[in-house]
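*Asks:* Below is the file input.cif, with mmCIF, N, CA and C atoms.
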data_start
loop_
_atom_site.label_atom_id
_atom_site.label_comp_id
_atom_site.auth_asym_id
_atom_site.auth_seq_id
_atom_site.Cartn_x
_atom_site.Cartn_y
_atom_site.Cartn_z
N MET A 1 -19.03 2.67 14.89
CA MET A 1 -18.29 1.69 14.15
C MET A 1 -19.14 0.43 14.02
N LYS A 2 -19.15 -0.11 12.80
CA LYS A 2 -19.82 -1.37 12.58
C LYS A 2 -19.15 -2.08 11.41
N PHE A 3 -19.44 -3.36 11.32
CA PHE A 3 -18.89 -4.19 10.25
C PHE A 3 -20.05 -4.74 9.44
N THR A 4 -19.89 -4.75 8.11
CA THR A 4 -20.91 -5.30 7.23
C THR A 4 -20.27 -6.31 6.29
N ASN A 5 -21.11 -7.13 5.66
CA ASN A 5 -20.60 -8.05 4.65
C ASN A 5 -20.82 -7.41 3.28
N GLU A 6 -20.50 -8.14 2.22
CA GLU A 6 -20.60 -7.58 0.87
C GLU A 6 -22.05 -7.32 0.45
N ASN A 7 -23.01 -7.91 1.16
CA ASN A 7 -24.43 -7.67 0.87
C ASN A 7 -24.99 -6.48 1.64
N GLY A 8 -24.15 -5.84 2.45
CA GLY A 8 -24.59 -4.70 3.24
C GLY A 8 -25.23 -5.06 4.57
N GLN A 9 -25.27 -6.35 4.91
CA GLN A 9 -25.85 -6.78 6.18
C GLN A 9 -24.82 -6.59 7.29
N GLU A 10 -25.29 -6.08 8.43
CA GLU A 10 -24.39 -5.87 9.55
C GLU A 10 -24.00 -7.22 10.16
N ILE A 11 -22.72 -7.38 10.43
CA ILE A 11 -22.21 -8.60 11.05
C ILE A 11 -21.46 -8.23 12.33
N SER A 12 -21.34 -9.18 13.23
CA SER A 12 -20.58 -8.92 14.45
C SER A 12 -19.32 -9.77 14.43
N LEU A 13 -18.24 -9.16 14.86
CA LEU A 13 -16.97 -9.86 14.93
C LEU A 13 -16.64 -10.17 16.38
N LYS A 14 -15.99 -11.29 16.58
CA LYS A 14 -15.60 -11.72 17.92
C LYS A 14 -14.45 -10.83 18.41
N ARG A 15 -14.50 -10.45 19.67
CA ARG A 15 -13.41 -9.68 20.28
C ARG A 15 -12.15 -10.54 20.34
N SER A 16 -11.02 -9.95 20.06
CA SER A 16 -9.75 -10.65 20.14
C SER A 16 -9.36 -10.88 21.59
N THR A 17 -8.75 -12.01 21.86
CA THR A 17 -8.31 -12.30 23.22
C THR A 17 -6.90 -11.79 23.49
N THR A 18 -6.15 -11.47 22.43
CA THR A 18 -4.77 -11.05 22.59
C THR A 18 -4.55 -9.55 22.41
N LEU A 19 -5.37 -8.92 21.59
CA LEU A 19 -5.22 -7.49 21.29
C LEU A 19 -6.55 -6.78 21.48
N PRO A 20 -6.52 -5.46 21.69
CA PRO A 20 -7.79 -4.72 21.84
C PRO A 20 -8.45 -4.44 20.50
N GLY A 21 -8.98 -5.47 19.87
CA GLY A 21 -9.61 -5.33 18.57
C GLY A 21 -10.54 -6.49 18.29
N TYR A 22 -10.80 -6.74 17.02
CA TYR A 22 -11.74 -7.77 16.59
C TYR A 22 -11.04 -8.77 15.68
N GLU A 23 -11.40 -10.05 15.83
CA GLU A 23 -10.80 -11.11 15.02
C GLU A 23 -11.28 -11.03 13.57
N VAL A 24 -10.35 -11.20 12.65
CA VAL A 24 -10.64 -11.24 11.22
C VAL A 24 -10.43 -12.67 10.75
N THR A 25 -11.47 -13.25 10.12
CA THR A 25 -11.40 -14.63 9.66
C THR A 25 -11.55 -14.69 8.14
N LEU A 26 -11.10 -15.79 7.56
CA LEU A 26 -11.23 -15.99 6.12
C LEU A 26 -12.65 -16.38 5.75
N ALA A 27 -13.10 -15.88 4.61
CA ALA A 27 -14.44 -16.18 4.12
C ALA A 27 -14.46 -17.43 3.24
N GLU A 28 -13.29 -17.86 2.78
CA GLU A 28 -13.21 -19.02 1.89
C GLU A 28 -11.86 -19.70 2.05
N ASP A 29 -11.79 -20.96 1.61
CA ASP A 29 -10.51 -21.67 1.63
C ASP A 29 -9.54 -20.95 0.69
N THR A 30 -8.29 -20.81 1.12
CA THR A 30 -7.30 -20.06 0.36
C THR A 30 -5.99 -20.81 0.35
N VAL A 31 -5.32 -20.81 -0.80
CA VAL A 31 -3.98 -21.38 -0.94
C VAL A 31 -3.05 -20.25 -1.35
N ILE A 32 -1.98 -20.08 -0.59
CA ILE A 32 -0.99 -19.06 -0.90
C ILE A 32 0.27 -19.79 -1.33
N ASP A 33 0.61 -19.65 -2.59
CA ASP A 33 1.71 -20.40 -3.18
C ASP A 33 3.06 -19.84 -2.74
N SER A 34 4.05 -20.71 -2.68
CA SER A 34 5.40 -20.31 -2.33
C SER A 34 6.12 -19.80 -3.57
N ALA A 35 7.11 -18.94 -3.36
CA ALA A 35 7.89 -18.41 -4.48
C ALA A 35 8.67 -19.53 -5.18
N VAL A 36 9.05 -20.56 -4.45
CA VAL A 36 9.81 -21.65 -5.09
C VAL A 36 8.94 -22.51 -6.00
N ASN A 37 7.63 -22.34 -5.97
CA ASN A 37 6.74 -23.05 -6.89
C ASN A 37 6.54 -22.30 -8.19
N ASN A 38 7.25 -21.19 -8.37
CA ASN A 38 7.17 -20.40 -9.59
C ASN A 38 7.67 -21.23 -10.78
N PRO A 39 6.99 -21.15 -11.93
CA PRO A 39 7.41 -21.93 -13.10
C PRO A 39 8.85 -21.69 -13.53
N PHE A 40 9.44 -20.55 -13.18
CA PHE A 40 10.83 -20.27 -13.53
C PHE A 40 11.77 -21.32 -12.95
N PHE A 41 11.46 -21.83 -11.77
CA PHE A 41 12.34 -22.75 -11.07
C PHE A 41 12.06 -24.23 -11.39
N LYS A 42 11.04 -24.53 -12.17
CA LYS A 42 10.69 -25.92 -12.48
C LYS A 42 11.79 -26.57 -13.33
N GLY A 43 12.31 -27.67 -12.86
CA GLY A 43 13.30 -28.43 -13.61
C GLY A 43 14.60 -27.70 -13.85
N ILE A 44 14.91 -26.73 -13.02
CA ILE A 44 16.13 -25.95 -13.25
C ILE A 44 17.35 -26.76 -12.82
N ASN A 45 18.38 -26.65 -13.62
CA ASN A 45 19.65 -27.31 -13.38
C ASN A 45 20.68 -26.21 -13.26
N ILE A 46 21.66 -26.36 -12.39
CA ILE A 46 22.66 -25.32 -12.18
C ILE A 46 23.40 -24.99 -13.47
N LEU A 47 23.54 -25.98 -14.36
CA LEU A 47 24.22 -25.75 -15.64
C LEU A 47 23.36 -24.93 -16.60
N GLN A 48 22.04 -24.95 -16.39
CA GLN A 48 21.13 -24.19 -17.26
C GLN A 48 20.93 -22.76 -16.79
N LEU A 49 21.43 -22.44 -15.63
CA LEU A 49 21.17 -21.13 -15.03
C LEU A 49 21.60 -19.96 -15.93
N PRO A 50 22.82 -19.98 -16.51
CA PRO A 50 23.19 -18.84 -17.38
C PRO A 50 22.22 -18.65 -18.55
N LYS A 51 21.76 -19.75 -19.14
CA LYS A 51 20.82 -19.66 -20.26
C LYS A 51 19.46 -19.14 -19.77
N LYS A 52 19.05 -19.57 -18.58
CA LYS A 52 17.76 -19.12 -18.02
C LYS A 52 17.80 -17.63 -17.69
N LEU A 53 18.97 -17.13 -17.30
CA LEU A 53 19.07 -15.73 -16.88
C LEU A 53 19.07 -14.76 -18.06
N LYS A 54 19.26 -15.25 -19.29
CA LYS A 54 19.15 -14.38 -20.46
C LYS A 54 17.70 -13.93 -20.56
N GLY A 55 17.48 -12.68 -20.73
CA GLY A 55 16.13 -12.16 -20.77
C GLY A 55 15.47 -12.17 -19.40
N PHE A 56 16.28 -12.15 -18.36
CA PHE A 56 15.84 -12.24 -16.97
C PHE A 56 14.75 -11.22 -16.65
N ARG A 57 14.92 -9.99 -17.09
CA ARG A 57 13.96 -8.94 -16.76
C ARG A 57 12.65 -9.07 -17.52
N ASP A 58 12.66 -9.77 -18.64
CA ASP A 58 11.46 -9.90 -19.45
C ASP A 58 10.69 -11.19 -19.18
N ASN A 59 11.16 -12.00 -18.25
CA ASN A 59 10.52 -13.28 -17.97
C ASN A 59 9.20 -13.04 -17.24
N PRO A 60 8.05 -13.44 -17.84
CA PRO A 60 6.75 -13.19 -17.21
C PRO A 60 6.55 -13.95 -15.90
N ASP A 61 7.20 -15.11 -15.75
CA ASP A 61 7.09 -15.86 -14.51
C ASP A 61 7.79 -15.14 -13.36
N LEU A 62 8.94 -14.53 -13.65
CA LEU A 62 9.67 -13.82 -12.61
C LEU A 62 8.97 -12.54 -12.18
N LYS A 63 8.21 -11.96 -13.09
CA LYS A 63 7.47 -10.74 -12.73
C LYS A 63 6.41 -11.04 -11.68
N LYS A 64 5.99 -12.29 -11.59
CA LYS A 64 4.98 -12.69 -10.61
C LYS A 64 5.59 -13.38 -9.39
N LEU A 65 6.91 -13.37 -9.27
CA LEU A 65 7.60 -14.14 -8.24
C LEU A 65 7.13 -13.81 -6.83
N LEU A 66 7.10 -12.57 -6.46
CA LEU A 66 6.69 -12.18 -5.11
C LEU A 66 5.41 -11.35 -5.15
N GLU A 67 4.52 -11.71 -6.05
CA GLU A 67 3.23 -11.02 -6.15
C GLU A 67 2.35 -11.41 -4.96
N PRO A 68 1.82 -10.42 -4.24
CA PRO A 68 0.98 -10.75 -3.08
C PRO A 68 -0.35 -11.37 -3.50
N ARG A 69 -0.87 -12.21 -2.63
CA ARG A 69 -2.17 -12.87 -2.84
C ARG A 69 -3.19 -12.18 -1.96
N GLU A 70 -4.27 -11.73 -2.56
CA GLU A 70 -5.35 -11.09 -1.82
C GLU A 70 -6.25 -12.16 -1.21
N VAL A 71 -6.50 -12.04 0.10
CA VAL A 71 -7.37 -13.00 0.77
C VAL A 71 -8.70 -12.35 1.10
N ASN A 72 -9.76 -13.12 0.96
CA ASN A 72 -11.12 -12.61 1.11
C ASN A 72 -11.64 -12.85 2.53
N THR A 73 -12.12 -11.77 3.16
CA THR A 73 -12.69 -11.89 4.50
C THR A 73 -14.18 -11.57 4.52
N ASP A 74 -14.68 -10.94 3.48
CA ASP A 74 -16.08 -10.49 3.40
C ASP A 74 -16.46 -9.55 4.55
N ILE A 75 -15.50 -8.74 5.00
CA ILE A 75 -15.77 -7.77 6.07
C ILE A 75 -15.50 -6.38 5.52
N ILE A 76 -16.53 -5.53 5.58
CA ILE A 76 -16.38 -4.14 5.16
C ILE A 76 -16.39 -3.27 6.41
N LEU A 77 -15.43 -2.38 6.49
CA LEU A 77 -15.24 -1.54 7.66
C LEU A 77 -16.07 -0.27 7.53
N ASN A 78 -16.93 -0.01 8.51
CA ASN A 78 -17.73 1.21 8.54
C ASN A 78 -17.38 1.97 9.83
N ILE A 79 -16.53 2.97 9.69
CA ILE A 79 -16.05 3.72 10.84
C ILE A 79 -16.21 5.21 10.57
N ASP A 80 -15.98 6.03 11.59
CA ASP A 80 -16.04 7.48 11.44
C ASP A 80 -14.92 7.96 10.53
N GLU A 81 -15.09 9.16 9.99
CA GLU A 81 -14.08 9.72 9.08
C GLU A 81 -12.74 9.94 9.75
N ASN A 82 -12.74 10.19 11.05
CA ASN A 82 -11.47 10.45 11.75
C ASN A 82 -10.88 9.17 12.37
N GLU A 83 -11.39 8.01 12.00
CA GLU A 83 -10.87 6.75 12.50
C GLU A 83 -10.22 5.96 11.36
N VAL A 84 -9.40 5.01 11.75
CA VAL A 84 -8.73 4.14 10.78
C VAL A 84 -8.62 2.75 11.39
N GLY A 85 -8.60 1.73 10.54
CA GLY A 85 -8.46 0.35 11.01
C GLY A 85 -7.08 -0.17 10.68
N PHE A 86 -6.39 -0.69 11.69
CA PHE A 86 -5.06 -1.29 11.52
C PHE A 86 -5.20 -2.80 11.60
N PHE A 87 -4.71 -3.49 10.57
CA PHE A 87 -4.76 -4.94 10.55
C PHE A 87 -3.44 -5.49 11.07
N GLU A 88 -3.52 -6.28 12.12
CA GLU A 88 -2.34 -6.94 12.69
C GLU A 88 -2.48 -8.44 12.44
N PRO A 89 -1.58 -9.04 11.65
CA PRO A 89 -1.72 -10.47 11.33
C PRO A 89 -1.48 -11.35 12.54
N ASN A 90 -2.07 -12.52 12.51
CA ASN A 90 -1.89 -13.53 13.54
C ASN A 90 -0.41 -13.92 13.56
N SER A 91 0.19 -14.01 14.73
CA SER A 91 1.63 -14.30 14.84
C SER A 91 1.97 -15.68 14.28
N ASP A 92 1.04 -16.63 14.29
CA ASP A 92 1.28 -17.96 13.73
C ASP A 92 1.54 -17.88 12.23
N LEU A 93 0.84 -16.97 11.54
CA LEU A 93 1.06 -16.82 10.10
C LEU A 93 2.48 -16.36 9.81
N ILE A 94 3.00 -15.49 10.65
CA ILE A 94 4.33 -14.92 10.42
C ILE A 94 5.43 -15.89 10.82
N THR A 95 5.35 -16.43 12.01
CA THR A 95 6.45 -17.26 12.52
C THR A 95 6.45 -18.68 11.98
N ASN A 96 5.32 -19.32 11.93
CA ASN A 96 5.28 -20.73 11.52
C ASN A 96 5.03 -20.95 10.04
N LYS A 97 4.24 -20.09 9.42
CA LYS A 97 3.89 -20.29 8.01
C LYS A 97 4.69 -19.39 7.08
N ARG A 98 5.47 -18.49 7.62
CA ARG A 98 6.35 -17.58 6.85
C ARG A 98 5.58 -16.67 5.89
N LEU A 99 4.41 -16.20 6.34
CA LEU A 99 3.60 -15.29 5.52
C LEU A 99 3.81 -13.86 6.02
N GLN A 100 3.84 -12.93 5.09
CA GLN A 100 3.97 -11.52 5.43
C GLN A 100 2.81 -10.75 4.81
N VAL A 101 2.25 -9.83 5.58
CA VAL A 101 1.14 -9.01 5.09
C VAL A 101 1.71 -7.70 4.56
N VAL A 102 1.25 -7.30 3.38
CA VAL A 102 1.76 -6.10 2.72
C VAL A 102 1.00 -4.85 3.14
N ASN A 103 -0.31 -4.95 3.27
CA ASN A 103 -1.12 -3.78 3.62
C ASN A 103 -1.70 -3.93 5.02
N HIS A 104 -1.61 -2.88 5.82
CA HIS A 104 -2.05 -2.95 7.20
C HIS A 104 -3.15 -1.94 7.54
N VAL A 105 -3.35 -0.93 6.72
CA VAL A 105 -4.26 0.16 7.06
C VAL A 105 -5.48 0.12 6.14
N PHE A 106 -6.67 0.20 6.77
CA PHE A 106 -7.93 0.19 6.03
C PHE A 106 -8.78 1.36 6.51
N GLY A 107 -9.45 2.02 5.58
CA GLY A 107 -10.28 3.17 5.90
C GLY A 107 -11.77 2.85 5.84
N ASN A 108 -12.56 3.88 6.04
CA ASN A 108 -14.02 3.75 6.05
C ASN A 108 -14.53 3.25 4.70
N GLY A 109 -15.39 2.26 4.73
CA GLY A 109 -15.99 1.73 3.51
C GLY A 109 -15.13 0.72 2.78
N GLN A 110 -13.93 0.47 3.26
CA GLN A 110 -13.05 -0.49 2.58
C GLN A 110 -13.30 -1.90 3.09
N GLU A 111 -13.18 -2.85 2.17
CA GLU A 111 -13.25 -4.25 2.55
C GLU A 111 -11.87 -4.67 3.08
N ILE A 112 -11.86 -5.40 4.16
CA ILE A 112 -10.61 -5.86 4.74
C ILE A 112 -10.13 -7.04 3.91
N LYS A 113 -9.18 -6.77 3.01
CA LYS A 113 -8.61 -7.79 2.13
C LYS A 113 -7.09 -7.70 2.22
N PRO A 114 -6.50 -8.39 3.20
CA PRO A 114 -5.05 -8.34 3.32
C PRO A 114 -4.35 -8.94 2.10
N LEU A 115 -3.24 -8.35 1.71
CA LEU A 115 -2.39 -8.87 0.65
C LEU A 115 -1.24 -9.60 1.32
N ILE A 116 -1.07 -10.88 0.98
CA ILE A 116 -0.11 -11.74 1.69
C ILE A 116 0.90 -12.33 0.71
N ILE A 117 2.17 -12.33 1.14
CA ILE A 117 3.25 -12.96 0.38
C ILE A 117 3.77 -14.14 1.18
N ASN A 118 3.98 -15.26 0.51
CA ASN A 118 4.51 -16.47 1.14
C ASN A 118 6.02 -16.51 0.92
N PHE A 119 6.79 -16.34 2.00
CA PHE A 119 8.25 -16.43 1.94
C PHE A 119 8.75 -17.82 2.34
N GLY A 120 7.85 -18.74 2.56
CA GLY A 120 8.23 -20.10 2.93
C GLY A 120 8.55 -20.95 1.72
N LEU A 121 8.88 -22.20 1.97
CA LEU A 121 9.26 -23.11 0.90
C LEU A 121 8.11 -23.98 0.41
N LYS A 122 6.96 -23.93 1.11
CA LYS A 122 5.82 -24.76 0.74
C LYS A 122 4.56 -23.91 0.60
N LYS A 123 3.59 -24.45 -0.14
CA LYS A 123 2.27 -23.82 -0.23
C LYS A 123 1.65 -23.78 1.16
N VAL A 124 0.89 -22.74 1.42
CA VAL A 124 0.17 -22.65 2.69
C VAL A 124 -1.32 -22.70 2.38
N LYS A 125 -2.00 -23.67 2.99
CA LYS A 125 -3.44 -23.80 2.81
C LYS A 125 -4.12 -23.31 4.07
N LEU A 126 -5.01 -22.33 3.90
CA LEU A 126 -5.78 -21.76 5.01
C LEU A 126 -7.24 -22.07 4.75
N SER A 127 -7.90 -22.61 5.74
CA SER A 127 -9.30 -22.98 5.55
C SER A 127 -10.24 -21.86 5.97
N GLU A 128 -11.44 -21.94 5.47
CA GLU A 128 -12.48 -20.96 5.79
C GLU A 128 -12.68 -20.89 7.30
N GLY A 129 -12.79 -19.69 7.83
CA GLY A 129 -13.00 -19.50 9.26
C GLY A 129 -11.71 -19.37 10.06
N THR A 130 -10.56 -19.52 9.41
CA THR A 130 -9.28 -19.37 10.10
C THR A 130 -9.08 -17.92 10.51
N VAL A 131 -8.69 -17.71 11.76
CA VAL A 131 -8.41 -16.35 12.23
C VAL A 131 -7.05 -15.94 11.67
N ILE A 132 -7.04 -14.92 10.80
CA ILE A 132 -5.80 -14.49 10.18
C ILE A 132 -5.21 -13.25 10.83
N GLY A 133 -5.97 -12.60 11.69
CA GLY A 133 -5.45 -11.42 12.35
C GLY A 133 -6.50 -10.68 13.15
N THR A 134 -6.12 -9.48 13.56
CA THR A 134 -6.98 -8.63 14.37
C THR A 134 -7.06 -7.25 13.73
N ILE A 135 -8.25 -6.69 13.70
CA ILE A 135 -8.42 -5.30 13.22
C ILE A 135 -8.56 -4.40 14.45
N LEU A 136 -7.69 -3.41 14.53
CA LEU A 136 -7.69 -2.44 15.62
C LEU A 136 -8.24 -1.12 15.08
N ILE A 137 -9.17 -0.52 15.78
CA ILE A 137 -9.76 0.75 15.33
C ILE A 137 -9.15 1.86 16.17
N LYS A 138 -8.61 2.85 15.52
CA LYS A 138 -7.98 3.98 16.22
C LYS A 138 -8.51 5.27 15.67
#
Would you mind writing the file out in structure tokens?

*Replies:*
Amino acid sequence: MKFTNENGQEISLKRSTTLPGYEVTLAEDTVIDSAVNNPFFKGINILQLPKKLKGFRDNPDLKKLLEPREVNTDIILNIDENEVGFFEPNSDLITNKRLQVVNHVFGNGQEIKPLIINFGLKKVKLSEGTVIGTILIK
């Protein structure tokens, strides 16, 4: 098992202190928008709601309401064919920032790019180098 970056260079990941795996960090600053920041809700008035709901299914803003945001880690997983990598998000992301990870399983040759949905009321800004979770190899 080894980890590489997008250039194919081998990189080493820090061992996790909480789980038997390796820490996964962000490669760049990332902003994960809240669903309440969707343009559908801008300037909405309770009296306008029936008019806004006409064509509800065809509204392009609503189609993107809970669309997950892909975060970049620049880590490519190189493991045996009979192994798999499980991504476990940092508990702070779930409890304090109200973020949920959609995909947890990564295979050989895949880049670890978690898809995250923000269920909170505010934008979440994550800076480069933030530990977002742990990759467990099984």

*Asks:* The PyMOL selection byres (((chain A and resi 114-122 and name CA) around 6) and name CA) on the file shown: which residues, as number ranges by chain?

*Replies:* A: 34, 68-71, 98-102, 113, 123

*Asks:* Smallest atom-to-atom distance to Asn5 in chain A: which of A:Thr73, A:Asp33, A:Thr130, A:Leu66, using all atoms listed in the file?

*Replies:*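 For Asn5 in chain A, the nearest of the given residues is A:Thr73.
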
*Asks:* If you count only C-alpha atoms, which residues fall within 8 Å of range 78-83 of chain A, apart from same-chain ones fewer than 4 positions away, as a PyMOL selection string?

*Replies:* chain A and resi 1-4+107-110+137-138

*Asks:* Grab the atom C of Val31 in chain A to atom N of Ser127 in chain A distance for me, in Å with one decimal place.

*Replies:*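 Computing the Euclidean distance for atom C of Val31 in chain A and atom N of Ser127 in chain A yields 8.9 Å.
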
*Asks:* Here is a test: counting only C-alpha atoms, which residue of A:Asp74, A:Gly129, A:Pro50, A:Asn90 is nearest to Thr17 in chain A?

*Replies:* A:Asn90

*Asks:* Just list the residues in chain A DSSP gives helix (DSSP H, G or I) on the backbone, as a list of chain:residue names.

*Replies:* A:Ala35, A:Val36, A:Asn37, A:Pro39, A:Phe40, A:Phe41, A:Ile46, A:Leu47, A:Gln48, A:Leu49, A:Pro50, A:Lys51, A:Lys52, A:Leu53, A:Phe56, A:Arg57, A:Asp58, A:Pro60, A:Asp61, A:Leu62, A:Lys63, A:Ser91, A:Asp92, A:Leu93, A:Ile94, A:Thr95

*Asks:* How many Å separate CA of Thr30 in chain A from CA of Gly8 in chain A?

*Replies:* 23.3 Å

*Asks:* Of the candidates A:Val124, A:Pro20, A:Phe86, A:Lys14, which shows the shortest atom-to-atom distance to Ala35 in chain A, using only C-alpha atoms?

*Replies:* A:Val124

*Asks:* Evaluate the PyMOL selection byres (((chain A and resi 25 and name CA) around 9) and name CA) and record the selected residues as a ChimeraX atom specification, following the chain and residue labels used in the document.

*Replies:* /A:23-24,26-27,72-75,128-134

*Asks:* For a cutoff of 7 Å around the file-coordinate point (-9.1, -4.9, 18.9), which residues qualify once you count only C-alpha atoms? I'd like the result as a ChimeraX atom specification.

*Replies:* /A:15-16,19-22,134-137

*Asks:* I'd like the interatomic distance between atom N of Leu126 in chain A and CA of Glu67 in chain A, to a tenth of an Å.

*Replies:*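 We find that atom N of Leu126 in chain A and CA of Glu67 in chain A lie 17.2 Å from each other.
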
*Asks:* As a ChimeraX atom specification, please: every residue in chain A that a backbone DSSP assignment puts in strand (DSSP E).

*Replies:* /A:2-4,10-11,22-25,30-32,69-70,76-78,85-89,99-101,105-106,115-118,124-126,131-137

*Asks:* For Phe106 in chain A, find every residue with an atom within 6 Å (counting only N, CA and C atoms), except residues of its own chain fewer than 3 positions away, and show them as a VMD selection string.

*Replies:* chain A and resid 84 to 87

*Asks:* Please enclose the listed atoms of range 92-106 of chain A in an axis-aligned box, pad each side by 4 Å, and write out the centre and the three edge lengths in Å, rounded to one decimal, as AutoDock Vina command-line options.

*Replies:*
--center_x -1.2 --center_y -9.8 --center_z 8.5 --size_x 23.2 --size_y 30.3 --size_z 19.6

*Asks:* Limit the output to N, CA and C atoms and give range 101-124 of chain A as a short mmCIF file (atom, residue, chain, number, x, y, z; two decimals), in the first residue's frame.

*Replies:*
data_model
loop_
_atom_site.label_atom_id
_atom_site.label_comp_id
_atom_site.auth_asym_id
_atom_site.auth_seq_id
_atom_site.Cartn_x
_atom_site.Cartn_y
_atom_site.Cartn_z
N VAL A 101 -20.72 13.31 4.63
CA VAL A 101 -19.98 12.75 3.51
C VAL A 101 -20.86 11.72 2.81
N VAL A 102 -20.91 11.80 1.49
CA VAL A 102 -21.77 10.92 0.70
C VAL A 102 -21.06 9.62 0.33
N ASN A 103 -19.79 9.70 -0.03
CA ASN A 103 -19.06 8.50 -0.46
C ASN A 103 -17.99 8.14 0.57
N HIS A 104 -17.91 6.87 0.91
CA HIS A 104 -16.98 6.43 1.95
C HIS A 104 -15.96 5.41 1.46
N VAL A 105 -16.20 4.77 0.33
CA VAL A 105 -15.36 3.66 -0.12
C VAL A 105 -14.57 4.07 -1.35
N PHE A 106 -13.25 3.79 -1.30
CA PHE A 106 -12.36 4.11 -2.41
C PHE A 106 -11.54 2.88 -2.75
N GLY A 107 -11.34 2.62 -4.03
CA GLY A 107 -10.59 1.46 -4.49
C GLY A 107 -9.21 1.82 -4.99
N ASN A 108 -8.52 0.81 -5.49
CA ASN A 108 -7.16 0.97 -6.00
C ASN A 108 -7.13 1.94 -7.17
N GLY A 109 -6.20 2.88 -7.12
CA GLY A 109 -6.03 3.84 -8.21
C GLY A 109 -6.97 5.02 -8.14
N GLN A 110 -7.88 5.05 -7.19
CA GLN A 110 -8.82 6.16 -7.09
C GLN A 110 -8.24 7.29 -6.26
N GLU A 111 -8.58 8.51 -6.66
CA GLU A 111 -8.20 9.67 -5.87
C GLU A 111 -9.23 9.82 -4.75
N ILE A 112 -8.75 10.10 -3.56
CA ILE A 112 -9.64 10.28 -2.42
C ILE A 112 -10.24 11.67 -2.53
N LYS A 113 -11.49 11.73 -3.02
CA LYS A 113 -12.21 12.99 -3.20
C LYS A 113 -13.59 12.83 -2.57
N PRO A 114 -13.69 13.09 -1.26
CA PRO A 114 -15.00 12.96 -0.62
C PRO A 114 -16.02 13.95 -1.18
N LEU A 115 -17.25 13.51 -1.30
CA LEU A 115 -18.37 14.36 -1.69
C LEU A 115 -19.09 14.77 -0.42
N ILE A 116 -19.22 16.08 -0.19
CA ILE A 116 -19.74 16.58 1.08
C ILE A 116 -20.97 17.47 0.85
N ILE A 117 -21.98 17.27 1.70
CA ILE A 117 -23.18 18.11 1.69
C ILE A 117 -23.22 18.90 2.99
N ASN A 118 -23.53 20.18 2.89
CA ASN A 118 -23.64 21.05 4.06
C ASN A 118 -25.11 21.13 4.46
N PHE A 119 -25.45 20.55 5.62
CA PHE A 119 -26.80 20.62 6.16
C PHE A 119 -26.96 21.74 7.19
N GLY A 120 -25.93 22.55 7.35
CA GLY A 120 -25.99 23.66 8.29
C GLY A 120 -26.63 24.89 7.68
N LEU A 121 -26.69 25.95 8.46
CA LEU A 121 -27.33 27.18 8.01
C LEU A 121 -26.34 28.20 7.46
N LYS A 122 -25.03 27.93 7.59
CA LYS A 122 -24.01 28.86 7.13
C LYS A 122 -23.01 28.16 6.23
N LYS A 123 -22.32 28.97 5.41
CA LYS A 123 -21.21 28.44 4.61
C LYS A 123 -20.13 27.92 5.54
N VAL A 124 -19.45 26.87 5.10
CA VAL A 124 -18.34 26.33 5.88
C VAL A 124 -17.07 26.54 5.06
#
